$ cat upload_25.csv   # CSV, C-alpha atoms
chain,number,residue,atom,x,y,z
J,1,MET,CA,-37.8,-1.4,-51.4
J,2,ILE,CA,-36.8,-3.9,-48.8
J,3,LYS,CA,-38.8,-6.8,-47.3
J,4,VAL,CA,-39.3,-6.4,-43.5
J,5,SER,CA,-40.6,-9.1,-41.1
J,6,LEU,CA,-41.3,-8.7,-37.5
J,7,LEU,CA,-41.0,-11.3,-34.7
J,8,VAL,CA,-43.2,-10.5,-31.8
J,9,THR,CA,-42.6,-12.3,-28.6
J,10,ALA,CA,-43.8,-9.5,-26.3
J,11,GLY,CA,-47.0,-10.3,-24.5
J,12,PRO,CA,-49.8,-7.7,-24.4
J,13,GLN,CA,-48.6,-6.3,-21.1
J,14,ARG,CA,-45.1,-5.5,-22.4
J,15,PRO,CA,-44.2,-2.2,-24.1
J,16,GLY,CA,-42.7,-4.2,-27.0
J,17,ALA,CA,-46.2,-5.2,-28.1
J,18,LEU,CA,-47.2,-1.6,-28.8
J,19,THR,CA,-43.8,-0.7,-30.2
J,20,ALA,CA,-44.1,-3.6,-32.7
J,21,LEU,CA,-47.6,-2.4,-33.7
J,22,HIS,CA,-46.3,1.1,-34.3
J,23,THR,CA,-43.4,-0.3,-36.3
J,24,ALA,CA,-45.7,-2.4,-38.4
J,25,GLN,CA,-47.8,0.7,-39.1
J,26,ALA,CA,-44.7,2.6,-40.1
J,27,VAL,CA,-43.5,-0.1,-42.5
J,28,ALA,CA,-46.9,-0.5,-44.0
J,29,ARG,CA,-47.1,3.2,-44.7
J,30,SER,CA,-43.6,3.3,-46.2
J,31,SER,CA,-42.3,2.1,-49.6
J,32,HIS,CA,-41.1,-1.1,-48.0
J,33,GLN,CA,-42.9,-4.4,-47.9
J,34,LEU,CA,-44.2,-5.9,-44.7
J,35,TYR,CA,-43.4,-9.5,-45.6
J,36,ARG,CA,-44.5,-11.3,-42.4
J,37,ILE,CA,-45.4,-10.7,-38.8
J,38,PHE,CA,-44.6,-13.8,-36.7
J,39,PHE,CA,-46.1,-14.1,-33.3
J,40,TYR,CA,-44.3,-16.5,-30.9
J,41,GLY,CA,-44.1,-17.1,-27.2
J,42,ASP,CA,-46.3,-14.7,-25.2
J,43,GLY,CA,-46.8,-12.6,-28.3
J,44,VAL,CA,-49.5,-15.1,-29.4
J,45,HIS,CA,-51.8,-13.5,-26.8
J,46,LEU,CA,-52.1,-10.6,-29.1
J,47,ALA,CA,-54.1,-12.8,-31.4
J,48,ASN,CA,-56.6,-13.9,-28.8
J,49,ARG,CA,-60.0,-12.3,-29.6
J,50,LEU,CA,-61.5,-13.2,-26.2
J,51,ALA,CA,-58.9,-11.8,-23.9
J,52,CYS,CA,-59.3,-8.3,-22.5
J,53,ARG,CA,-57.6,-7.1,-19.3
J,54,GLY,CA,-59.0,-3.6,-19.4
J,55,ASP,CA,-55.7,-1.8,-19.4
J,56,VAL,CA,-52.8,-1.0,-21.7
J,57,ALA,CA,-52.5,-4.7,-22.5
J,58,CYS,CA,-56.0,-4.6,-23.9
J,59,ASP,CA,-55.1,-1.6,-26.0
J,60,ALA,CA,-52.3,-3.6,-27.6
J,61,GLN,CA,-54.5,-6.6,-28.3
J,62,ARG,CA,-57.3,-4.5,-29.8
J,63,GLY,CA,-54.8,-2.4,-31.8
J,64,TRP,CA,-53.2,-5.4,-33.3
J,65,GLN,CA,-56.5,-7.2,-34.0
J,66,THR,CA,-58.1,-4.1,-35.6
J,67,LEU,CA,-55.2,-3.4,-37.9
J,68,VAL,CA,-54.5,-6.9,-38.9
J,69,ALA,CA,-58.2,-7.4,-39.8
J,70,GLU,CA,-58.5,-4.0,-41.6
J,71,HIS,CA,-55.3,-4.1,-43.6
J,72,GLY,CA,-54.8,-7.8,-44.2
J,73,TRP,CA,-51.3,-7.8,-42.8
J,74,PRO,CA,-49.5,-11.2,-43.1
J,75,ALA,CA,-50.0,-12.1,-39.4
J,76,SER,CA,-48.7,-15.6,-38.6
J,77,VAL,CA,-49.2,-17.1,-35.2
J,78,CYS,CA,-47.1,-20.2,-34.2
J,79,VAL,CA,-49.7,-23.0,-33.7
J,80,GLY,CA,-47.7,-24.7,-31.0
J,81,ALA,CA,-47.2,-21.6,-28.9
J,82,ALA,CA,-50.9,-20.6,-29.5
J,83,LEU,CA,-52.4,-23.9,-28.5
J,84,LYS,CA,-50.4,-24.0,-25.3
J,85,ARG,CA,-51.9,-20.7,-24.4
J,86,GLY,CA,-55.5,-21.5,-25.2
J,87,ILE,CA,-55.6,-19.8,-28.6
J,88,SER,CA,-57.0,-21.8,-31.5
J,89,ASP,CA,-58.9,-21.4,-34.7
J,90,SER,CA,-62.0,-23.4,-35.4
J,91,GLU,CA,-60.1,-26.3,-37.1
J,92,GLU,CA,-57.7,-26.7,-34.3
J,93,ALA,CA,-60.5,-26.4,-31.7
J,94,ARG,CA,-62.4,-29.2,-33.4
J,95,ARG,CA,-59.4,-31.4,-33.7
J,96,ALA,CA,-58.7,-30.9,-30.0
J,97,GLY,CA,-62.3,-31.8,-29.1
J,98,LEU,CA,-63.0,-28.4,-27.6
J,99,ASN,CA,-66.6,-27.1,-27.2
J,100,ASP,CA,-65.9,-23.7,-28.6
J,101,VAL,CA,-65.6,-24.6,-32.2
J,102,ASN,CA,-65.3,-21.0,-33.2
J,103,GLY,CA,-61.9,-20.9,-31.7
J,104,THR,CA,-60.3,-17.9,-30.0
J,105,LEU,CA,-58.0,-16.7,-32.9
J,106,ALA,CA,-58.9,-13.2,-34.0
J,107,ASP,CA,-59.8,-12.4,-37.6
J,108,GLY,CA,-57.0,-12.0,-40.0
J,109,PHE,CA,-54.5,-14.1,-38.0
J,110,THR,CA,-53.3,-17.5,-39.3
J,111,LEU,CA,-52.0,-20.4,-37.3
J,112,VAL,CA,-48.8,-21.7,-38.9
J,113,GLY,CA,-45.8,-23.9,-38.1
J,114,LEU,CA,-42.3,-22.7,-37.3
J,115,GLY,CA,-41.4,-23.2,-40.9
J,116,ASP,CA,-43.0,-19.8,-41.5
J,117,TRP,CA,-40.5,-18.3,-39.1
J,118,VAL,CA,-37.7,-19.8,-41.2
J,119,ASP,CA,-39.4,-18.4,-44.3
J,120,ALA,CA,-39.4,-15.0,-42.7
J,121,LEU,CA,-35.8,-15.3,-41.8
J,122,THR,CA,-34.6,-16.4,-45.2
J,123,GLN,CA,-36.9,-14.3,-47.4
J,124,SER,CA,-36.8,-11.0,-45.6
J,125,ASP,CA,-34.0,-8.4,-45.9
J,126,ARG,CA,-34.5,-7.5,-42.3
J,127,VAL,CA,-36.2,-9.1,-39.4
J,128,VAL,CA,-36.9,-7.0,-36.3
J,129,HIS,CA,-37.6,-8.6,-33.0
J,130,PHE,CA,-39.9,-7.2,-30.3
J,131,GLY,CA,-39.6,-9.1,-27.0
W,1,MET,CA,-31.6,-12.5,-46.4
W,2,ALA,CA,-30.5,-13.9,-43.2
W,3,ASP,CA,-28.3,-17.0,-43.5
W,4,SER,CA,-27.2,-17.1,-39.9
W,5,VAL,CA,-29.1,-16.5,-36.6
W,6,LEU,CA,-27.8,-16.0,-33.1
W,7,TYR,CA,-30.2,-16.7,-30.3
W,8,LEU,CA,-29.5,-15.3,-26.9
W,9,VAL,CA,-31.1,-17.7,-24.5
W,10,ARG,CA,-32.4,-16.5,-21.1
W,11,HIS,CA,-34.9,-19.4,-20.5
W,12,ALA,CA,-33.8,-22.3,-18.4
W,13,PRO,CA,-35.1,-25.8,-18.9
W,14,GLY,CA,-37.9,-26.9,-16.6
W,15,ARG,CA,-39.4,-23.4,-16.1
W,16,GLY,CA,-42.5,-22.8,-18.1
W,17,GLY,CA,-42.3,-23.5,-21.8
W,18,GLY,CA,-39.6,-20.9,-22.6
W,19,TRP,CA,-36.8,-23.4,-23.0
W,20,ARG,CA,-38.8,-25.7,-25.2
W,21,GLU,CA,-40.0,-22.9,-27.5
W,22,THR,CA,-36.5,-21.6,-27.8
W,23,VAL,CA,-35.1,-25.0,-28.7
W,24,ASP,CA,-37.9,-25.6,-31.2
W,25,MET,CA,-37.2,-22.3,-32.9
W,26,ALA,CA,-33.5,-22.9,-33.1
W,27,LEU,CA,-33.9,-26.5,-34.3
W,28,THR,CA,-36.4,-25.5,-37.0
W,29,GLY,CA,-34.0,-23.0,-38.5
W,30,ALA,CA,-31.1,-25.5,-38.3
W,31,ALA,CA,-33.2,-28.2,-40.0
W,32,PHE,CA,-33.8,-25.8,-42.9
W,33,GLY,CA,-30.1,-25.1,-43.3
W,34,VAL,CA,-29.9,-21.8,-41.5
W,35,ALA,CA,-26.6,-21.5,-39.6
W,36,THR,CA,-27.8,-21.3,-36.0
W,37,LEU,CA,-25.9,-20.3,-32.9
W,38,VAL,CA,-27.2,-20.4,-29.4
W,39,TRP,CA,-25.6,-18.2,-26.8
W,40,PHE,CA,-26.6,-19.2,-23.3
W,41,GLN,CA,-26.9,-16.6,-20.6
W,42,ALA,CA,-25.8,-17.2,-17.1
W,43,ALA,CA,-29.2,-18.2,-15.6
W,44,PRO,CA,-29.9,-21.2,-17.9
W,45,LEU,CA,-26.3,-22.3,-17.6
W,46,LYS,CA,-26.7,-22.6,-13.8
W,47,VAL,CA,-29.8,-24.6,-14.2
W,48,LEU,CA,-28.4,-26.8,-16.9
W,49,ALA,CA,-25.4,-27.6,-14.7
W,50,ARG,CA,-27.6,-28.9,-11.9
W,51,ARG,CA,-29.6,-31.2,-14.2
W,52,ALA,CA,-28.7,-34.8,-14.6
W,53,ASP,CA,-30.0,-34.7,-18.2
W,54,HIS,CA,-28.1,-31.7,-19.4
W,55,ALA,CA,-26.1,-33.7,-21.9
W,56,ASP,CA,-29.3,-34.9,-23.5
W,57,LEU,CA,-30.7,-31.4,-23.6
W,58,LEU,CA,-27.6,-30.0,-25.2
W,59,ALA,CA,-27.3,-33.0,-27.6
W,60,GLU,CA,-30.7,-32.1,-29.0
W,61,LEU,CA,-29.2,-28.9,-30.3
W,62,THR,CA,-25.7,-29.9,-31.2
W,63,GLY,CA,-27.0,-33.0,-32.9
W,64,PHE,CA,-28.7,-30.7,-35.4
W,65,GLY,CA,-25.6,-28.7,-36.0
W,66,VAL,CA,-26.5,-25.8,-33.7
W,67,ARG,CA,-23.4,-24.2,-32.2
W,68,CYS,CA,-23.8,-23.6,-28.5
W,69,VAL,CA,-21.6,-20.9,-26.9
W,70,ALA,CA,-21.4,-19.1,-23.6
W,71,ARG,CA,-19.3,-16.5,-21.9
W,72,ARG,CA,-16.3,-18.4,-20.6
W,73,ASP,CA,-16.6,-16.9,-17.1
W,74,ASP,CA,-20.3,-18.0,-17.0
W,75,LEU,CA,-19.7,-21.6,-18.0
W,76,PRO,CA,-19.9,-24.0,-15.1
W,77,ASP,CA,-17.6,-27.0,-15.1
W,78,GLY,CA,-18.8,-30.2,-16.7
W,79,LEU,CA,-21.2,-28.7,-19.3
W,80,THR,CA,-19.9,-30.4,-22.4
W,81,GLY,CA,-21.2,-29.3,-25.8
W,82,ILE,CA,-21.0,-25.6,-25.0
W,83,GLU,CA,-18.0,-23.6,-26.1
W,84,GLY,CA,-16.6,-21.0,-23.6
W,85,LEU,CA,-15.7,-17.8,-25.4
W,86,ASP,CA,-14.2,-14.6,-24.3
W,87,ASP,CA,-16.0,-11.2,-24.7
W,88,THR,CA,-14.1,-10.4,-27.9
W,89,GLU,CA,-15.1,-13.6,-29.5
W,90,LEU,CA,-18.7,-13.2,-28.5
W,91,HIS,CA,-18.7,-9.7,-29.8
W,92,GLY,CA,-17.5,-11.1,-33.1
W,93,LEU,CA,-20.3,-13.5,-33.2
W,94,ARG,CA,-22.8,-10.7,-32.7
W,95,ARG,CA,-21.3,-8.7,-35.4
W,96,HIS,CA,-21.3,-11.5,-37.9
W,97,ALA,CA,-24.7,-13.0,-37.3
W,98,ALA,CA,-27.2,-11.8,-39.9
W,99,GLN,CA,-29.9,-11.9,-37.3
W,100,MET,CA,-30.0,-11.8,-33.5
W,101,VAL,CA,-33.0,-12.9,-31.4
W,102,LEU,CA,-33.2,-12.6,-27.6
W,103,LEU,CA,-35.5,-15.3,-26.2
$ encode --input "upload_25.csv" --output "C-alpha cells"
Amino acid sequence: MIKVSLLVTAGPQRPGALTALHTAQAVARSSHQLYRIFFYGDGVHLANRLACRGDVACDAQRGWQTLVAEHGWPASVCVGAALKRGISDSEEARRAGLNDVNGTLADGFTLVGLGDWVDALTQSDRVVHFG
Amino acid sequence: MADSVLYLVRHAPGRGGGWRETVDMALTGAAFGVATLVWFQAAPLKVLARRADHADLLAELTGFGVRCVARRDDLPDGLTGIEGLDDTELHGLRRHAAQMVLL
C-alpha cells in the first residue's frame, strides 16, 4: 500500500478538475491510501458550495462536493487561496465580518494553511498534480 | 516521501495572484526543510527583467534557500539570483526532483 496525495490547481472549467476527481475515486477504490487532497489556486473553486455555472464546470464542482461529503475524503483547501476567491467557512466569514456567517465552503472540505501541503509532500509516497 | 520539489513557474509577478501563490507555496516548503527549486519559464523572466524590484522579488526566494534556475537561452541579462542552465542540466533536475509541480 502506498500513500497518495493529490494537488488540484485546476479550476472547475478545466479538464484536470474532473480527471483529478476520477483519480481520487480510483485511489479510494484501490488498496492504496488517499492521504490528502490539497486544493490550491483556482482549484479552490471546487469547494464553493454556492457556485454553479450550469455546464461541465458545475459537474466537476458537484462531483467533488458529493464525493467528499459522502466518503469523508481528506479534502484540504488552502485558506489564503480560498479567501481571495470568496470561499470561506463560518469561522473565517465571521472573522472577516461578512454577513453570510454560514460561509461558502462545501461540506466535508476543511480550510488549512500551506503547512498541510508540505505535510502531503513529506508524508505521501506519491503526489499527483492536476493543473 | 518527497524531499525535493521542482516548481515550474509560468506566472509572472503583477498579474493576478498566481505569482504570489507560487512563491508562498515554494517558501512554505523551503521553510519546512524541503529542498526547493524554482524553474522560471520564459514569460515570467521577461516580466521580471522589466521590473525595477526584480532583485527584491528574487531575494524573497533565494533568502529562504530556494534555488532559482532558468533555461540559459531564456534568461535576460541582469537578472541576478537565477542560474542559467542548459537543457541537459535542466533535464537532470527534472529527473532528480522527487516531485514536480507546474504552477
$ interface_residues --input "upload_25.csv" --of "chain J" --to "chain W" --cutoff "10 Å" --atoms "all atoms listed in the file" --output "mmCIF file with C-alpha atoms, in the frame of the given file"
data_model
loop_
_atom_site.group_PDB
_atom_site.id
_atom_site.type_symbol
_atom_site.label_atom_id
_atom_site.label_comp_id
_atom_site.auth_asym_id
_atom_site.auth_seq_id
_atom_site.Cartn_x
_atom_site.Cartn_y
_atom_site.Cartn_z
ATOM 1 C CA LYS J 3 -38.800 -6.800 -47.300
ATOM 2 C CA LEU J 7 -41.000 -11.300 -34.700
ATOM 3 C CA THR J 9 -42.600 -12.300 -28.600
ATOM 4 C CA TYR J 40 -44.300 -16.500 -30.900
ATOM 5 C CA GLY J 41 -44.100 -17.100 -27.200
ATOM 6 C CA ASP J 42 -46.300 -14.700 -25.200
ATOM 7 C CA GLY J 80 -47.700 -24.700 -31.000
ATOM 8 C CA ALA J 81 -47.200 -21.600 -28.900
ATOM 9 C CA LYS J 84 -50.400 -24.000 -25.300
ATOM 10 C CA GLY J 113 -45.800 -23.900 -38.100
ATOM 11 C CA LEU J 114 -42.300 -22.700 -37.300
ATOM 12 C CA GLY J 115 -41.400 -23.200 -40.900
ATOM 13 C CA ASP J 116 -43.000 -19.800 -41.500
ATOM 14 C CA TRP J 117 -40.500 -18.300 -39.100
ATOM 15 C CA VAL J 118 -37.700 -19.800 -41.200
ATOM 16 C CA ASP J 119 -39.400 -18.400 -44.300
ATOM 17 C CA ALA J 120 -39.400 -15.000 -42.700
ATOM 18 C CA LEU J 121 -35.800 -15.300 -41.800
ATOM 19 C CA THR J 122 -34.600 -16.400 -45.200
ATOM 20 C CA GLN J 123 -36.900 -14.300 -47.400
ATOM 21 C CA SER J 124 -36.800 -11.000 -45.600
ATOM 22 C CA ASP J 125 -34.000 -8.400 -45.900
ATOM 23 C CA ARG J 126 -34.500 -7.500 -42.300
ATOM 24 C CA VAL J 127 -36.200 -9.100 -39.400
ATOM 25 C CA VAL J 128 -36.900 -7.000 -36.300
ATOM 26 C CA HIS J 129 -37.600 -8.600 -33.000
ATOM 27 C CA PHE J 130 -39.900 -7.200 -30.300
ATOM 28 C CA GLY J 131 -39.600 -9.100 -27.000
#
$ atom_distance --input "upload_25.csv" --atom1 "atom CA of W:Trp39" --atom2 "atom CA of J:Arg36"
25.5 Å
$ closest_residue --input "upload_25.csv" --among "J:Gly86, J:Gly72, J:Gly43, J:Pro12" --to "J:Asp107" --atoms "all atoms listed in the file"
J:Gly72
$ atom_distance --input "upload_25.csv" --atom1 "atom CA of J:Leu18" --atom2 "atom CA of J:Gly63"
8.2 Å
$ atom_distance --input "upload_25.csv" --atom1 "atom CA of W:Pro44" --atom2 "atom CA of W:Val9"
7.6 Å
$ residues_around --input "upload_25.csv" --residues "W:Pro76" --least-positions-apart "5" --cutoff "8 Å" --atoms "all atoms listed in the file" --output "VMD selection string"
chain W and resid 45 to 46 49
$ closest_residue --input "upload_25.csv" --among "W:Ala12, W:Leu6, W:Leu79, W:Leu93" --to "W:Thr36" --atoms "all atoms listed in the file"
W:Leu6
$ residues_around --input "upload_25.csv" --residues "J:Leu83" --least-positions-apart "3" --cutoff "12 Å" --atoms "all atoms listed in the file" --output "list in words"
Tyr40, Gly41, Asp42, Val44, His45, Ala47, Asn48, Val77, Cys78, Val79, Gly80, Gly86, Ile87, Ser88, Asp89, Ser90, Glu91, Glu92, Ala93, Arg95, Ala96, Leu98, Gly103, Thr104, Leu105, Leu111, Val112 and Gly113 of chain J
$ residues_around --input "upload_25.csv" --residues "stretch 20-23 of chain J" --least-positions-apart "4" --cutoff "8 Å" --atoms "all atoms listed in the file" --output "PyMOL selection string"
chain J and resi 6+8+16+27+60+63-64+130
$ decode --input "upload_25.csv" --residues "chain W" --atoms "C-alpha atoms" --output "tab-separated table (two decimals), in the first residue's frame"
chain	number	residue	atom	x	y	z
W	1	MET	CA	8.42	10.66	0.67
W	2	ALA	CA	9.39	13.72	-1.31
W	3	ASP	CA	12.46	15.50	-0.03
W	4	SER	CA	12.83	17.79	-3.03
W	5	VAL	CA	10.36	19.69	-5.15
W	6	LEU	CA	10.80	21.38	-8.50
W	7	TYR	CA	8.29	24.10	-9.30
W	8	LEU	CA	7.94	25.10	-12.92
W	9	VAL	CA	6.73	28.67	-12.77
W	10	ARG	CA	4.60	30.19	-15.53
W	11	HIS	CA	3.08	33.05	-13.55
W	12	ALA	CA	4.63	36.49	-13.77
W	13	PRO	CA	4.63	38.95	-10.90
W	14	GLY	CA	1.94	41.58	-11.04
W	15	ARG	CA	-0.60	39.54	-12.98
W	16	GLY	CA	-3.37	38.24	-10.79
W	17	GLY	CA	-2.34	36.30	-7.74
W	18	GLY	CA	-0.52	33.47	-9.47
W	19	TRP	CA	2.98	34.70	-8.69
W	20	ARG	CA	2.19	35.29	-5.02
W	21	GLU	CA	0.60	31.87	-4.63
W	22	THR	CA	3.54	30.20	-6.32
W	23	VAL	CA	6.05	31.98	-4.12
W	24	ASP	CA	4.06	31.21	-0.97
W	25	MET	CA	3.93	27.53	-1.84
W	26	ALA	CA	7.65	27.33	-2.56
W	27	LEU	CA	8.62	29.29	0.54
W	28	THR	CA	6.48	27.20	2.85
W	29	GLY	CA	8.16	24.02	1.70
W	30	ALA	CA	11.59	25.58	2.00
W	31	ALA	CA	10.77	26.83	5.49
W	32	PHE	CA	9.99	23.24	6.49
W	33	GLY	CA	13.29	21.99	5.13
W	34	VAL	CA	12.13	20.62	1.78
W	35	ALA	CA	14.80	21.19	-0.88
W	36	THR	CA	13.01	23.54	-3.24
W	37	LEU	CA	13.89	24.51	-6.81
W	38	VAL	CA	12.07	27.03	-8.93
W	39	TRP	CA	12.43	26.84	-12.68
W	40	PHE	CA	11.21	30.03	-14.31
W	41	GLN	CA	9.65	29.77	-17.74
W	42	ALA	CA	10.31	32.43	-20.37
W	43	ALA	CA	7.19	34.56	-19.74
W	44	PRO	CA	7.84	35.38	-16.07
W	45	LEU	CA	11.51	36.02	-16.86
W	46	LYS	CA	10.59	38.69	-19.37
W	47	VAL	CA	8.33	40.41	-16.88
W	48	LEU	CA	10.87	40.13	-14.07
W	49	ALA	CA	13.56	41.71	-16.24
W	50	ARG	CA	11.37	44.76	-16.81
W	51	ARG	CA	10.58	45.28	-13.15
W	52	ALA	CA	12.71	47.56	-11.02
W	53	ASP	CA	12.03	45.41	-7.96
W	54	HIS	CA	13.10	42.11	-9.52
W	55	ALA	CA	16.05	41.76	-7.14
W	56	ASP	CA	13.75	42.02	-4.13
W	57	LEU	CA	11.28	39.55	-5.61
W	58	LEU	CA	14.01	37.00	-6.25
W	59	ALA	CA	15.70	37.64	-2.92
W	60	GLU	CA	12.49	36.58	-1.22
W	61	LEU	CA	13.04	33.11	-2.67
W	62	THR	CA	16.80	32.81	-2.53
W	63	GLY	CA	16.84	34.19	1.00
W	64	PHE	CA	14.95	31.08	2.09
W	65	GLY	CA	17.35	28.79	0.29
W	66	VAL	CA	15.20	28.27	-2.78
W	67	ARG	CA	17.36	27.57	-5.82
W	68	CYS	CA	16.15	29.56	-8.83
W	69	VAL	CA	17.01	28.33	-12.31
W	70	ALA	CA	16.05	29.01	-15.91
W	71	ARG	CA	16.97	27.84	-19.37
W	72	ARG	CA	20.11	29.76	-20.25
W	73	ASP	CA	18.70	30.93	-23.58
W	74	ASP	CA	15.59	32.31	-21.84
W	75	LEU	CA	17.47	34.26	-19.19
W	76	PRO	CA	17.60	38.01	-19.83
W	77	ASP	CA	20.70	39.95	-18.87
W	78	GLY	CA	20.80	41.48	-15.44
W	79	LEU	CA	18.63	39.01	-13.56
W	80	THR	CA	20.88	38.06	-10.69
W	81	GLY	CA	19.86	35.24	-8.42
W	82	ILE	CA	18.75	32.94	-11.24
W	83	GLU	CA	21.14	30.31	-12.57
W	84	GLY	CA	21.14	29.81	-16.31
W	85	LEU	CA	21.29	26.11	-17.17
W	86	ASP	CA	21.45	24.22	-20.43
W	87	ASP	CA	18.85	21.63	-21.44
W	88	THR	CA	20.89	18.70	-20.17
W	89	GLU	CA	21.25	20.24	-16.74
W	90	LEU	CA	17.55	21.07	-16.59
W	91	HIS	CA	16.67	17.54	-17.62
W	92	GLY	CA	18.86	16.29	-14.78
W	93	LEU	CA	16.99	18.48	-12.31
W	94	ARG	CA	13.68	17.08	-13.52
W	95	ARG	CA	14.91	13.53	-13.15
W	96	HIS	CA	16.29	14.04	-9.67
W	97	ALA	CA	13.43	16.03	-8.16
W	98	ALA	CA	11.19	13.78	-6.10
W	99	GLN	CA	8.22	15.92	-7.05
W	100	MET	CA	7.47	18.34	-9.86
W	101	VAL	CA	4.68	20.89	-9.81
W	102	LEU	CA	3.68	23.15	-12.70
W	103	LEU	CA	2.19	26.40	-11.46
